[in-house]
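Below is the file query_2.cif, which contains mmCIF, C-alpha atoms.
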```cif
data_final
#
loop_
_atom_site.label_atom_id
_atom_site.label_comp_id
_atom_site.auth_asym_id
_atom_site.auth_seq_id
_atom_site.Cartn_x
_atom_site.Cartn_y
_atom_site.Cartn_z
CA MET A 1 96.52 134.56 98.21
CA GLY A 2 100.30 135.05 98.16
CA GLU A 3 102.84 132.83 96.43
CA GLY A 4 104.00 131.32 99.75
CA GLU A 5 100.46 130.49 100.81
CA ARG A 6 99.72 128.84 97.47
CA PHE A 7 102.90 126.77 97.76
CA GLN A 8 101.99 125.64 101.30
CA LEU A 9 98.46 124.76 100.19
CA GLY A 10 99.84 122.76 97.26
CA THR A 11 102.27 120.93 99.54
CA VAL A 12 99.51 120.00 102.01
CA GLY A 13 97.36 118.79 99.12
CA ALA A 14 100.21 116.68 97.74
CA LEU A 15 100.92 115.12 101.15
CA THR A 16 97.24 114.34 101.71
CA LEU A 17 96.84 112.82 98.25
CA SER A 18 99.94 110.69 98.79
CA VAL A 19 98.74 109.34 102.14
CA VAL A 20 95.18 108.59 101.02
CA SER A 21 96.15 106.96 97.72
CA SER A 22 99.03 104.93 99.20
CA VAL A 23 96.98 103.55 102.09
CA SER A 24 94.17 102.72 99.64
CA ILE A 25 96.43 100.83 97.25
CA VAL A 26 98.10 98.89 100.08
CA ILE A 27 94.69 97.71 101.35
CA CYS A 28 93.63 96.84 97.78
CA ASN A 29 96.86 94.94 97.03
CA LYS A 30 96.72 93.17 100.38
CA ALA A 31 93.30 91.80 99.48
CA LEU A 32 94.56 90.88 96.00
CA ILE A 33 97.67 89.07 97.26
CA SER A 34 96.52 87.59 100.58
CA SER A 35 92.89 86.77 99.83
CA LEU A 36 92.94 86.09 96.07
CA GLY A 37 96.41 84.56 95.80
CA PHE A 38 97.85 86.96 93.18
CA HIS A 39 101.50 87.08 94.33
CA PHE A 40 103.06 88.72 91.26
CA ALA A 41 104.03 92.06 92.83
CA THR A 42 106.68 93.14 90.31
CA THR A 43 104.49 92.41 87.29
CA LEU A 44 101.60 94.24 88.95
CA THR A 45 103.85 97.27 89.47
CA SER A 46 104.75 97.26 85.76
CA TRP A 47 101.02 97.35 84.93
CA HIS A 48 100.62 100.25 87.36
CA LEU A 49 103.26 102.26 85.53
CA LEU A 50 101.87 101.36 82.12
CA VAL A 51 98.39 102.55 83.14
CA THR A 52 99.94 105.69 84.63
CA PHE A 53 101.68 106.50 81.34
CA CYS A 54 98.48 105.90 79.33
CA SER A 55 96.48 108.11 81.71
CA LEU A 56 99.04 110.92 81.45
CA HIS A 57 99.11 110.56 77.65
CA VAL A 58 95.33 111.11 77.58
CA ALA A 59 95.75 114.08 79.92
CA LEU A 60 98.39 115.51 77.57
CA LYS A 61 96.08 115.14 74.56
CA VAL A 62 93.31 117.09 76.30
CA LYS A 63 95.92 119.72 77.28
CA LEU A 64 95.80 119.21 81.06
CA PHE A 65 99.57 119.72 81.12
CA GLU A 66 102.29 120.78 78.69
CA HIS A 67 104.90 118.38 77.34
CA LYS A 68 108.44 119.64 78.00
CA PRO A 69 111.16 117.42 76.51
CA PHE A 70 114.60 117.56 78.10
CA ASP A 71 117.78 115.47 78.37
CA ARG A 72 116.70 112.03 77.07
CA LYS A 73 119.69 110.26 78.62
CA ALA A 74 118.84 111.65 82.05
CA VAL A 75 115.20 110.55 81.70
CA MET A 76 116.15 107.08 80.49
CA GLY A 77 118.72 106.55 83.25
CA PHE A 78 116.31 107.83 85.88
CA GLY A 79 113.46 105.62 84.66
CA ILE A 80 115.56 102.46 84.47
CA LEU A 81 117.07 103.15 87.91
CA ASN A 82 113.59 103.52 89.40
CA GLY A 83 112.56 100.21 87.86
CA ILE A 84 115.68 98.48 89.18
CA SER A 85 115.11 99.85 92.70
CA ILE A 86 111.56 98.43 92.74
CA GLY A 87 112.83 95.03 91.59
CA LEU A 88 115.59 95.03 94.23
CA LEU A 89 113.13 95.90 97.00
CA ASN A 90 110.95 92.95 95.97
CA LEU A 91 114.01 90.67 95.86
CA SER A 92 115.03 91.94 99.30
CA LEU A 93 111.62 90.97 100.66
CA GLY A 94 111.89 87.57 98.98
CA PHE A 95 115.34 86.71 100.37
CA ASN A 96 114.97 88.22 103.86
CA SER A 97 112.62 87.94 106.78
CA VAL A 98 109.85 90.54 107.06
CA GLY A 99 111.65 92.12 110.02
CA PHE A 100 114.90 92.55 108.09
CA TYR A 101 112.97 93.97 105.13
CA GLN A 102 111.41 96.57 107.45
CA MET A 103 114.92 97.44 108.68
CA THR A 104 115.91 97.92 105.05
CA LYS A 105 113.11 100.45 104.59
CA LEU A 106 114.10 102.21 107.83
CA ALA A 107 117.69 102.52 106.59
CA ILE A 108 116.59 104.58 103.57
CA ILE A 109 116.24 107.81 105.61
CA PRO A 110 119.76 107.74 107.16
CA CYS A 111 121.22 106.80 103.77
CA THR A 112 119.39 109.68 102.06
CA VAL A 113 120.59 112.14 104.72
CA PHE A 114 124.16 110.87 104.27
CA LEU A 115 124.10 111.12 100.46
CA GLU A 116 122.53 114.60 100.44
CA THR A 117 125.08 115.82 102.99
CA LEU A 118 128.03 114.25 101.16
CA PHE A 119 127.20 115.17 97.55
CA PHE A 120 124.91 118.20 97.84
CA GLY A 121 126.25 119.88 100.99
CA LYS A 122 122.80 119.86 102.59
CA ARG A 123 122.78 120.41 106.35
CA PHE A 124 120.28 118.80 108.72
CA SER A 125 119.95 120.53 112.09
CA ARG A 126 120.22 118.60 115.35
CA SER A 127 116.50 119.12 115.90
CA ILE A 128 115.68 117.45 112.56
CA GLN A 129 118.11 114.61 113.28
CA PHE A 130 116.57 114.08 116.73
CA SER A 131 113.03 113.93 115.33
CA LEU A 132 114.12 111.42 112.65
CA ILE A 133 115.71 109.18 115.31
CA ILE A 134 112.45 109.23 117.33
CA LEU A 135 110.48 108.41 114.17
CA LEU A 136 112.72 105.51 113.14
CA LEU A 137 112.70 104.13 116.70
CA GLY A 138 108.90 104.13 116.78
CA VAL A 139 108.49 102.51 113.36
CA GLY A 140 111.13 99.94 114.29
CA ILE A 141 109.27 99.00 117.48
CA ALA A 142 105.97 98.74 115.59
CA THR A 143 107.12 96.74 112.56
CA VAL A 144 110.41 94.90 113.19
CA THR A 145 109.73 91.53 114.79
CA ASP A 146 112.38 89.09 113.62
CA LEU A 147 115.86 89.68 112.22
CA GLN A 148 117.22 86.75 110.22
CA LEU A 149 120.39 87.60 108.32
CA ASN A 150 121.87 85.94 105.24
CA ALA A 151 124.63 87.08 102.90
CA LEU A 152 122.65 87.28 99.65
CA GLY A 153 119.67 88.97 101.32
CA SER A 154 121.95 91.55 102.96
CA VAL A 155 123.62 92.41 99.64
CA LEU A 156 120.23 92.77 97.92
CA SER A 157 118.99 94.99 100.74
CA LEU A 158 122.07 97.21 100.50
CA LEU A 159 121.61 97.59 96.73
CA ALA A 160 117.90 98.30 97.23
CA ILE A 161 118.66 101.03 99.78
CA VAL A 162 121.26 102.77 97.60
CA THR A 163 119.22 102.65 94.37
CA THR A 164 116.05 103.85 96.13
CA CYS A 165 117.87 106.76 97.77
CA VAL A 166 119.57 107.82 94.53
CA ALA A 167 116.32 107.53 92.55
CA GLN A 168 114.40 109.69 95.04
CA ILE A 169 117.17 112.30 95.20
CA MET A 170 117.17 112.38 91.38
CA THR A 171 113.39 112.89 91.39
CA ASN A 172 113.93 116.10 93.33
CA THR A 173 117.06 117.39 91.56
CA ILE A 174 115.81 116.68 88.01
CA GLN A 175 112.62 118.68 88.61
CA LYS A 176 114.61 121.63 89.92
CA ASN A 177 117.55 121.54 87.50
CA PHE A 178 115.50 121.08 84.33
CA LYS A 179 112.53 123.21 85.54
CA VAL A 180 110.01 120.45 84.86
CA SER A 181 106.88 119.63 86.85
CA SER A 182 106.23 116.31 88.57
CA THR A 183 103.68 115.46 85.86
CA GLN A 184 106.14 116.17 83.03
CA LEU A 185 108.86 114.05 84.67
CA LEU A 186 106.50 111.16 85.43
CA TYR A 187 105.12 111.20 81.87
CA GLN A 188 108.57 110.97 80.29
CA SER A 189 110.11 108.47 82.74
CA SER A 190 107.19 106.05 83.28
CA PRO A 191 107.67 104.22 79.92
CA TYR A 192 111.24 103.33 80.90
CA GLN A 193 110.14 102.25 84.39
CA ALA A 194 107.29 100.19 82.96
CA GLY A 195 109.51 98.65 80.26
CA THR A 196 112.16 97.61 82.79
CA LEU A 197 109.59 95.90 85.00
CA LEU A 198 107.53 94.42 82.14
CA ILE A 199 110.64 92.61 80.91
CA SER A 200 112.02 91.54 84.30
CA GLY A 201 108.76 91.23 86.27
CA PRO A 202 107.49 87.82 85.07
CA PHE A 203 110.93 86.21 85.55
CA LEU A 204 111.42 87.85 88.94
CA ASP A 205 107.97 86.81 90.16
CA ALA A 206 108.44 83.25 88.86
CA PHE A 207 111.77 83.05 90.71
CA LEU A 208 110.25 84.31 93.99
CA THR A 209 106.89 82.50 93.89
CA ASN A 210 107.50 79.43 91.68
CA GLN A 211 104.37 80.44 89.77
CA ASN A 212 103.77 81.72 86.24
CA VAL A 213 101.88 85.01 85.97
CA PHE A 214 100.58 84.01 82.54
CA ALA A 215 99.22 80.67 83.82
CA PHE A 216 97.35 82.24 86.73
CA LYS A 217 93.55 81.83 86.74
CA TYR A 218 92.15 85.33 86.32
CA THR A 219 88.66 85.31 87.80
CA THR A 220 86.32 88.29 87.56
CA GLN A 221 87.08 89.23 91.16
CA VAL A 222 90.85 89.17 90.53
CA LEU A 223 90.46 91.32 87.41
CA VAL A 224 88.32 93.86 89.29
CA PHE A 225 90.94 94.23 92.03
CA ILE A 226 93.78 94.47 89.46
CA ILE A 227 91.95 97.24 87.57
CA LEU A 228 91.18 99.04 90.85
CA SER A 229 94.81 98.75 91.92
CA CYS A 230 96.02 100.14 88.57
CA LEU A 231 93.62 103.09 88.76
CA ILE A 232 94.70 103.98 92.31
CA SER A 233 98.35 103.66 91.24
CA VAL A 234 97.97 106.65 88.91
CA SER A 235 97.33 108.82 91.97
CA VAL A 236 100.11 107.10 93.94
CA ASN A 237 102.76 107.63 91.26
CA PHE A 238 101.68 111.21 90.59
CA SER A 239 101.63 112.15 94.29
CA THR A 240 105.04 110.52 94.86
CA PHE A 241 106.75 112.74 92.27
CA LEU A 242 104.72 115.73 93.46
CA VAL A 243 105.69 115.33 97.13
CA ILE A 244 109.40 114.79 96.43
CA GLY A 245 109.44 117.76 94.04
CA LYS A 246 107.70 120.11 96.49
CA THR A 247 109.49 118.94 99.64
CA SER A 248 112.48 116.57 99.77
CA PRO A 249 113.33 112.86 99.59
CA VAL A 250 113.66 112.73 103.40
CA THR A 251 110.20 114.25 103.91
CA TYR A 252 108.78 111.71 101.47
CA GLN A 253 110.32 108.87 103.48
CA VAL A 254 108.89 110.33 106.70
CA LEU A 255 105.51 110.39 104.99
CA GLY A 256 106.05 106.78 103.94
CA HIS A 257 106.44 105.71 107.57
CA LEU A 258 103.24 107.55 108.43
CA LYS A 259 101.55 105.43 105.77
CA THR A 260 103.03 102.30 107.38
CA CYS A 261 101.50 103.23 110.74
CA LEU A 262 98.14 103.96 109.11
CA VAL A 263 98.24 100.65 107.22
CA LEU A 264 98.88 98.80 110.49
CA ALA A 265 95.93 100.58 112.10
CA PHE A 266 93.59 100.02 109.13
CA GLY A 267 94.68 96.38 108.91
CA TYR A 268 93.63 95.88 112.53
CA VAL A 269 90.31 97.73 112.14
CA LEU A 270 89.22 96.51 108.68
CA LEU A 271 91.01 93.18 108.17
CA HIS A 272 91.32 92.16 111.86
CA ASP A 273 95.08 91.65 111.62
CA PRO A 274 96.82 90.74 114.89
CA PHE A 275 97.74 93.83 116.91
CA SER A 276 99.77 94.08 120.12
CA TRP A 277 100.72 96.72 122.67
CA ARG A 278 104.13 96.81 120.99
CA ASN A 279 102.49 97.94 117.74
CA ILE A 280 100.51 100.62 119.60
CA LEU A 281 103.60 101.88 121.47
CA GLY A 282 105.66 101.98 118.28
CA ILE A 283 102.99 103.87 116.36
CA LEU A 284 102.64 106.45 119.16
CA ILE A 285 106.42 107.02 119.31
CA ALA A 286 106.56 107.28 115.50
CA LEU A 287 103.73 109.84 115.50
CA ILE A 288 105.63 111.91 118.08
CA GLY A 289 108.67 111.83 115.79
CA MET A 290 106.56 112.90 112.79
CA VAL A 291 105.01 115.79 114.72
CA LEU A 292 108.46 116.94 115.86
CA TYR A 293 109.83 116.65 112.32
CA SER A 294 106.94 118.69 110.91
CA TYR A 295 107.31 121.32 113.64
CA PHE A 296 111.08 121.71 113.22
CA CYS A 297 110.83 121.80 109.41
CA THR A 298 108.11 124.47 109.55
CA ARG A 299 110.06 126.53 112.08
CA GLU A 300 113.29 126.40 110.06
CA SER A 301 111.41 127.24 106.86
CA GLN A 302 109.83 130.30 108.52
CA GLN A 303 113.24 131.40 109.82
CA LYS A 304 114.74 131.18 106.33
CA THR A 305 111.81 133.13 104.87
CA THR A 306 112.17 135.84 107.54
CA GLU A 307 115.93 136.11 106.99
CA ALA A 308 115.50 136.33 103.21
CA ALA A 309 112.84 139.05 103.58
CA ALA A 310 115.08 141.04 105.95
CA GLN A 311 118.00 140.85 103.54
CA SER A 312 115.85 142.01 100.62
CA ILE A 313 114.59 144.97 102.68
CA GLN A 314 118.17 145.97 103.55
CA ILE A 315 119.17 145.83 99.89
CA VAL A 316 116.21 147.99 98.83
CA GLU A 317 116.93 150.54 101.60
CA GLY A 318 120.61 150.67 100.62
CA GLU A 319 119.76 151.34 96.98
CA SER A 320 117.29 154.11 97.88
CA ASP A 321 119.59 155.93 100.39
CA PRO A 322 121.35 158.80 98.54
CA LEU A 323 124.14 159.03 101.12
CA LEU A 324 125.00 155.35 100.71
CA ASN A 325 124.78 155.72 96.94
CA ALA A 326 127.13 158.70 97.03
CA GLU A 327 129.61 156.80 99.19
CA ASN A 328 129.49 153.87 96.79
CA GLY A 329 129.95 156.19 93.82
CA LYS A 330 126.43 155.56 92.50
CA GLY A 331 125.07 159.08 92.92
CA GLY A 332 126.05 162.79 93.02
CA SER A 333 127.69 162.81 89.60
CA THR A 334 126.52 163.72 86.11
CA ASP A 335 129.58 162.36 84.34
CA ALA A 336 129.18 160.07 81.39
CA VAL A 337 128.25 156.59 82.40
CA VAL A 338 130.66 153.88 81.38
CA PRO A 339 128.71 150.88 80.16
CA LYS A 340 129.30 147.68 82.11
CA ALA A 341 130.56 144.56 80.45
CA PRO A 342 127.81 142.06 79.81
CA VAL A 343 127.51 139.25 82.33
CA TRP A 344 126.78 135.90 80.81
CA LYS A 345 124.65 133.63 82.97
CA SER A 346 124.95 129.90 82.61
CA ASN A 347 121.89 127.92 81.67
CA LYS A 348 121.11 125.59 84.54
CA ASP A 349 119.34 123.18 82.21
CA LEU A 350 122.50 122.78 80.14
CA ASP A 351 124.75 122.42 83.17
CA ALA A 352 122.64 119.74 84.81
#
```
Translate the structure of the given file into structure tokens.
Amino acid sequence: MGEGERFQLGTVGALTLSVVSSVSIVICNKALISSLGFHFATTLTSWHLLVTFCSLHVALKVKLFEHKPFDRKAVMGFGILNGISIGLLNLSLGFNSVGFYQMTKLAIIPCTVFLETLFFGKRFSRSIQFSLIILLLGVGIATVTDLQLNALGSVLSLLAIVTTCVAQIMTNTIQKNFKVSSTQLLYQSSPYQAGTLLISGPFLDAFLTNQNVFAFKYTTQVLVFIILSCLISVSVNFSTFLVIGKTSPVTYQVLGHLKTCLVLAFGYVLLHDPFSWRNILGILIALIGMVLYSYFCTRESQQKTTEAAAQSIQIVEGESDPLLNAENGKGGSTDAVVPKAPVWKSNKDLDA
């Protein structure tokens, strides 16, 4: 199996793991929050990250992956930013209607595209842009029901969008610039994410729910669902970093909207949530957008691979052609060779 085939297989595996684990944890948390009355979402997320770190620490001890320390300031800033973005998303949900919160999540893709274009010079073809518009339209039809605006909620939503976009872009760039794997990055950043949410979570949840997480009555059933949620979260957090590292922040957001559609469908089938023709129409339009996005991304990736292979073949043929070598002054002479000056290459890890 070639390197490209292994990469594609790994990407498909990461996408599948992300979808399955995310849909599973949403169903588990929905039962925990809606049925059992445990409304402390931010504190629960901090427990997720703490369990994730402990699981990765055990994996490190049994040598399932190699620890690779790098810029501590970058890791700390990245971890704290991720924690802040989670807190802001929860605040956005608390201060806005559900419909406006869904609009906030939809706005993450256009914001990510804008930031990557502005700061990284990344270009998105018209085909990709068209497929993203179809996707966002479908998800909007399926999920956005009411739009109630207020000043504080709008500011919180804007901050949540920006911090989430920056955090996801950093997830991709840090892995590439410092040559670290998704596991290595998650292991080093999860303590800072968990610490941020462990400190702020109880206060944030008390502010949003008027309840104290420490005074909650933890029955056996609640504890079982909390433990199950924490165990699933290890897979969710790992697959999130893996998908963004192997693909892009935009692709991860597209995948997130696929999860939303699946959660709506599973909620109707398993939990008998209300479902309308508007939901069905929106999901179908969103699926069309996802299929188009996948098709255009695959086609553009194949075109880039073909162009790169053609260029490498031309270079090899040029180096092996004696006439071209003679014209370039590379061949046909037995004179003493003048040594070239050494070329110093910058270390990308130091420049990042």
Requested in this report: Return the single residue from A:Val269, A:Leu186, A:Ala310, A:Val166 that is closest to Val113 in chain A, with distances computed using all atoms listed in the file.
Outcome: A:Val166
Query raised in the report: What separation in Å, quoted to one decimal, exists between CA of Phe40 in chain A and CA of Phe214 in chain A?
Result: 10.2 Å
Report task. Go through A:Val62, A:Cys111, A:Leu56, A:Leu44 and flag the residue nearest Val234 in chain A, using only C-alpha atoms for the distances. Result -> A:Leu56
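Closest approach to Leu64 in chain A from the set A:Phe266, A:Thr183, A:Phe119, A:Ala286 is made by A:Thr183, with distances taken over only C-alpha atoms.
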Report task. Could you jot down the CA of Leu32 in chain A to CA of Val222 in chain A separation for me, Å, one decimal place? Result -> 6.8 Å
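Of the residues listed (A:Ala308, A:Ile227, A:Val180, A:Val98), A:Val180 shows the shortest atom-to-atom separation from Gly245 in chain A; distances use all atoms listed in the file.
Distances to Leu115 in chain A were evaluated for A:Glu66, A:His48, A:Ile134, A:Cys165 using all atoms listed in the file, and the minimum falls at A:Cys165.
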Query raised in the report: Which residues fall under the PyMOL selection byres ((chain A and resi 148-164) around 9) in this file, as a PyMOL selection string?
Result: chain A and resi 81-82+84-101+104-105+107-108+111-112+146-147+165-169
Report task. With a distance cut-off of 12 Å and all atoms listed in the file, select the neighbouring residues of Gly282 in chain A, excluding the residue or stretch itself and same-chain residues fewer than 5 positions from it, and output the selection as a PyMOL selection string. Result -> chain A and resi 134-145+257-258+260-261+264-265+275-277+287-289
